[in-house]
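Engineer: The structure under discussion is supplied below as structure tokens; questions concerning it will follow.
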Amino acid sequence: MSEIANNLAHLKSEIGAINPKATLIAVSKTKPIPDLETAYNAGQRHFGENKVQELVDKRKALPPDILWHFIGHLQRNKVKNLIPGVFLIHSVDSIRLLNTIQKKAQDEDVEQNVLLQVHIALEDTKYGFDAGECLKFFEQRKHNDYPNVIFKGLMGMATFTDDSQQIYNEFTLLKSVFDKIRGIEATNVIFDTLSAGMSSDYRIALNCGATHVRIGSQIFGARNYN
Ligand SMILES: *Cc1c(COP(=O)(O)O)cnc(C)c1O
């Protein structure tokens with residue numbers, strides 16, 4: 001078995017031991033197409049990318065039954081290249097971006113799945129809504145303004161730290177906001193996705209209720225950005 005297939009099998013059993021229903025998203029950013037093909041041939045169908053052009057190029061080159069996840073900061077002028085053809089946008093971090101997604105989805109006559117990204121980390125370099133802002137959005141029924149958008153849940157990234165208690169607290173906050181919104185009934189609010197956890201902290205995230213983990217380096221090896 002290839003190393004990628006080995007890594008996937010190992011991760012699946014680790015994840016399954018905590019939450020057998022959780023979805024593993026293979027984060028393939030910077031990795032060449034043959035690596036994705038190897039993962040695909042091992043049964044992997046959910047792939048995550050953080051650059052629009054890279055996702056579009058890989059989407060063209062790979063089988064059509066792949067479910068593509070966009071996980072990076074999304075510039076509004078690139079939304080037109082992403083939709084349709086992206087299963088879930090994890091990184092909706094502003095109302096202006098949401099407006100652009102609504103308009104493009106309407107033009108294409110599609111419904112676009114999104115997650116709102118919630119800022120839970122201590123670093124202020126990470127994008128996202130504040131937890132309170134996010135809750136208010138749904139309480140004020142702002143989702144009604146976006147008939148072509150399906151709100152599937154929330155995404156969060158924890159602080160980059162060795163302090164697992166800190167990470168646990170941040171994911172727990174994310175889960176509590178998720179649970180509050182889940183009680184809101186609307187046709188375009190289908191909260192079944194809590195995207196949290198990467199290679200270093202996915203166990204903590206799953207223990208806090210994550211339904212989707214986004215894992216790159218533990219599958220494909222370290223990234224080389226040169
Ligand atoms: C790169 C990336 C990941 C995966 O990171 P690893 O540490 O390689 O698992 C997950 N989520 C986001 C948003 C990323 O940009």
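Lettering and numbering for the structure tokens are positional, with chains as A, B, ... in the shown order, residues counted from 1 in each chain, and ligands counted from 1 in the shown order.
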Name all residues at most 9 Å from Asn113 of chain A (count only C-alpha atoms; drop same-chain ones fewer than 4 positions away) and give them as a list in words.
Structural biologist: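 Contacts, in chain order: Val86, Phe87, Leu88, Ile89, His90, Asn148, Val149, Ile150, Phe151 and Lys152 of chain A.
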Engineer: Excluding Gln44 of chain A and its own-chain neighbours fewer than 6 positions away, which residues fall within 10 Å of it when counting only C-alpha atoms? Please give them as a list of chain:residue names.
Structural biologist: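 Here the qualifying residues turn out to be A:Ala5, A:Leu8, A:Leu24, A:Ile25, A:Ala26, A:Leu36, A:Glu37, A:Thr38, A:Ile66, A:Leu67.
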Engineer: Any idea what's packed within 12 Å of Asp57 of chain A, counting only C-alpha atoms, ignoring anything in its chain fewer than 6 positions away? Could you give it as an mmCIF file with C-alpha atoms, in the first residue's frame?
Structural biologist:
data_model
loop_
_atom_site.group_PDB
_atom_site.id
_atom_site.type_symbol
_atom_site.label_atom_id
_atom_site.label_comp_id
_atom_site.auth_asym_id
_atom_site.auth_seq_id
_atom_site.Cartn_x
_atom_site.Cartn_y
_atom_site.Cartn_z
ATOM 1 C CA LYS A 29 -3.426 22.193 -1.206
ATOM 2 C CA THR A 30 0.016 22.491 -2.861
ATOM 3 C CA PRO A 32 0.352 17.399 -7.136
ATOM 4 C CA ILE A 33 -2.521 15.675 -8.930
ATOM 5 C CA GLU A 49 -8.311 23.354 -1.264
ATOM 6 C CA LYS A 51 -6.865 28.611 -3.574
ATOM 7 C CA TRP A 68 -14.695 19.794 -3.374
ATOM 8 C CA ASN A 81 -14.739 30.916 -10.803
ATOM 9 C CA LEU A 82 -15.706 28.723 -7.882
ATOM 10 C CA GLY A 85 -18.828 23.010 -8.798
#
Engineer: If you run DSSP over the backbone, which residues in chain A end up strand (DSSP E)? Put them as a PyMOL selection string.
Structural biologist: chain A and resi 23-27+46-49+67-70+88-92+112-118+149-156+189-196+212-215
Engineer: Would you write out those residues with C-alpha atoms, as a compact mmCIF listing (two decimals), in the first residue's frame?
Structural biologist:
# COMPACT_ATOMS: atom_id res chain seq x y z
CA THR A 23 -16.21 13.04 7.58
CA LEU A 24 -12.55 13.26 6.70
CA ILE A 25 -11.69 16.03 4.26
CA ALA A 26 -8.30 15.46 2.64
CA VAL A 27 -6.63 18.87 2.40
CA HIS A 46 -13.86 14.76 0.00
CA PHE A 47 -10.97 17.06 -0.90
CA GLY A 48 -10.16 20.53 0.47
CA GLU A 49 -8.31 23.35 -1.26
CA LEU A 67 -16.77 16.62 -3.48
CA TRP A 68 -14.70 19.79 -3.37
CA HIS A 69 -14.41 21.87 -0.22
CA PHE A 70 -13.11 25.42 -0.32
CA LEU A 88 -19.10 23.36 0.38
CA ILE A 89 -17.48 26.73 1.06
CA HIS A 90 -16.19 26.59 4.65
CA SER A 91 -14.76 30.08 4.86
CA VAL A 92 -17.60 32.59 4.58
CA GLN A 112 -24.66 26.80 -2.67
CA ASN A 113 -23.73 25.08 0.58
CA VAL A 114 -21.75 27.27 2.96
CA LEU A 115 -20.39 27.36 6.49
CA LEU A 116 -19.89 30.58 8.38
CA GLN A 117 -16.37 30.84 9.68
CA VAL A 118 -16.28 31.78 13.35
CA VAL A 149 -27.53 29.74 -0.01
CA ILE A 150 -27.83 26.68 2.23
CA PHE A 151 -26.34 27.36 5.64
CA LYS A 152 -24.88 23.98 6.62
CA GLY A 153 -23.03 24.95 9.76
CA LEU A 154 -19.89 26.55 11.12
CA MET A 155 -16.15 26.33 10.65
CA GLY A 156 -13.48 27.30 13.14
CA VAL A 189 -30.66 26.47 7.50
CA ILE A 190 -29.63 22.82 7.70
CA PHE A 191 -27.05 22.74 10.44
CA ASP A 192 -25.38 19.35 10.16
CA THR A 193 -21.75 20.37 9.67
CA LEU A 194 -19.26 21.48 12.28
CA SER A 195 -15.90 21.79 10.52
CA ALA A 196 -13.12 21.84 13.08
CA HIS A 212 -15.90 17.25 9.64
CA VAL A 213 -12.13 17.36 10.07
CA ARG A 214 -9.78 18.96 7.54
CA ILE A 215 -6.49 17.08 7.42
Engineer: Mind checking DSSP for segment 113-210 of chain A and telling me the helix (DSSP H, G or I) residues as a PyMOL selection string?
Structural biologist: chain A and resi 131-139+142-145+164-182+202-207
Engineer: Write the residues you've just listed into a file as a PDB file, in the first residue's frame, and include C-alpha atoms for each of them.
Structural biologist:
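Result went into result_20.pdb, see below:
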ATOM      1  CA  ALA A 131     -19.445  34.063  17.877  1.00  0.00           C
ATOM      2  CA  GLY A 132     -22.031  36.650  18.982  1.00  0.00           C
ATOM      3  CA  GLU A 133     -22.272  38.207  15.527  1.00  0.00           C
ATOM      4  CA  CYS A 134     -22.832  34.801  14.024  1.00  0.00           C
ATOM      5  CA  LEU A 135     -25.655  33.946  16.419  1.00  0.00           C
ATOM      6  CA  LYS A 136     -27.285  37.346  15.822  1.00  0.00           C
ATOM      7  CA  PHE A 137     -27.251  36.756  12.063  1.00  0.00           C
ATOM      8  CA  PHE A 138     -29.624  33.813  12.503  1.00  0.00           C
ATOM      9  CA  GLU A 139     -31.638  35.251  15.393  1.00  0.00           C
ATOM     10  CA  LYS A 142     -30.817  37.383   8.025  1.00  0.00           C
ATOM     11  CA  HIS A 143     -30.599  33.967   6.344  1.00  0.00           C
ATOM     12  CA  ASN A 144     -33.910  34.857   4.671  1.00  0.00           C
ATOM     13  CA  ASP A 145     -31.996  37.325   2.480  1.00  0.00           C
ATOM     14  CA  SER A 164      -4.701  21.537  24.521  1.00  0.00           C
ATOM     15  CA  GLN A 165      -6.970  23.036  27.187  1.00  0.00           C
ATOM     16  CA  GLN A 166      -7.003  26.302  25.225  1.00  0.00           C
ATOM     17  CA  ILE A 167      -7.874  24.449  22.017  1.00  0.00           C
ATOM     18  CA  TYR A 168     -10.559  22.478  23.834  1.00  0.00           C
ATOM     19  CA  ASN A 169     -12.128  25.689  25.167  1.00  0.00           C
ATOM     20  CA  GLU A 170     -12.198  27.265  21.708  1.00  0.00           C
ATOM     21  CA  PHE A 171     -13.809  24.262  20.022  1.00  0.00           C
ATOM     22  CA  THR A 172     -16.301  24.017  22.896  1.00  0.00           C
ATOM     23  CA  LEU A 173     -17.326  27.632  22.295  1.00  0.00           C
ATOM     24  CA  LEU A 174     -17.752  26.863  18.592  1.00  0.00           C
ATOM     25  CA  LYS A 175     -19.929  23.846  19.400  1.00  0.00           C
ATOM     26  CA  SER A 176     -22.124  25.855  21.759  1.00  0.00           C
ATOM     27  CA  VAL A 177     -22.820  28.485  19.071  1.00  0.00           C
ATOM     28  CA  PHE A 178     -23.500  25.667  16.593  1.00  0.00           C
ATOM     29  CA  ASP A 179     -26.026  24.050  18.953  1.00  0.00           C
ATOM     30  CA  LYS A 180     -27.852  27.346  19.552  1.00  0.00           C
ATOM     31  CA  ILE A 181     -28.259  28.001  15.836  1.00  0.00           C
ATOM     32  CA  ARG A 182     -29.271  24.408  15.183  1.00  0.00           C
ATOM     33  CA  TYR A 202      -8.458  16.831  15.159  1.00  0.00           C
ATOM     34  CA  ARG A 203      -8.843  14.534  18.164  1.00  0.00           C
ATOM     35  CA  ILE A 204      -9.728  17.459  20.396  1.00  0.00           C
ATOM     36  CA  ALA A 205     -12.118  18.806  17.751  1.00  0.00           C
ATOM     37  CA  LEU A 206     -13.900  15.448  17.422  1.00  0.00           C
ATOM     38  CA  ASN A 207     -14.228  15.200  21.179  1.00  0.00           C
TER      39      ASN A 207
END
Engineer: What is the distance, in Å and to one decimal place, between atom CA of Gly128 of chain A and atom CA of Asp93 of chain A?
Structural biologist: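 Going from atom CA of Gly128 of chain A over to atom CA of Asp93 of chain A, I get 4.4 Å.
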Engineer: Looking at only C-alpha atoms, which of A:Ser2, A:Thr161, A:Ser28, A:Ser13 is the one that sits closest to Ala222 of chain A?
Structural biologist: A:Ser28
Engineer: Looking at A:Ser94, A:Asn224, A:Ser217, A:Asn7, which one is nearest to ligand 1, with distances taken over only C-alpha atoms and all ligand atoms?
Structural biologist: A:Ser217
Engineer: I'd like the contact shell of Ala121 of chain A - 7 Å cut-off, only C-alpha atoms, skipping same-chain residues fewer than 5 positions apart - returned as a ChimeraX atom specification.
Structural biologist: /A:157-159,170
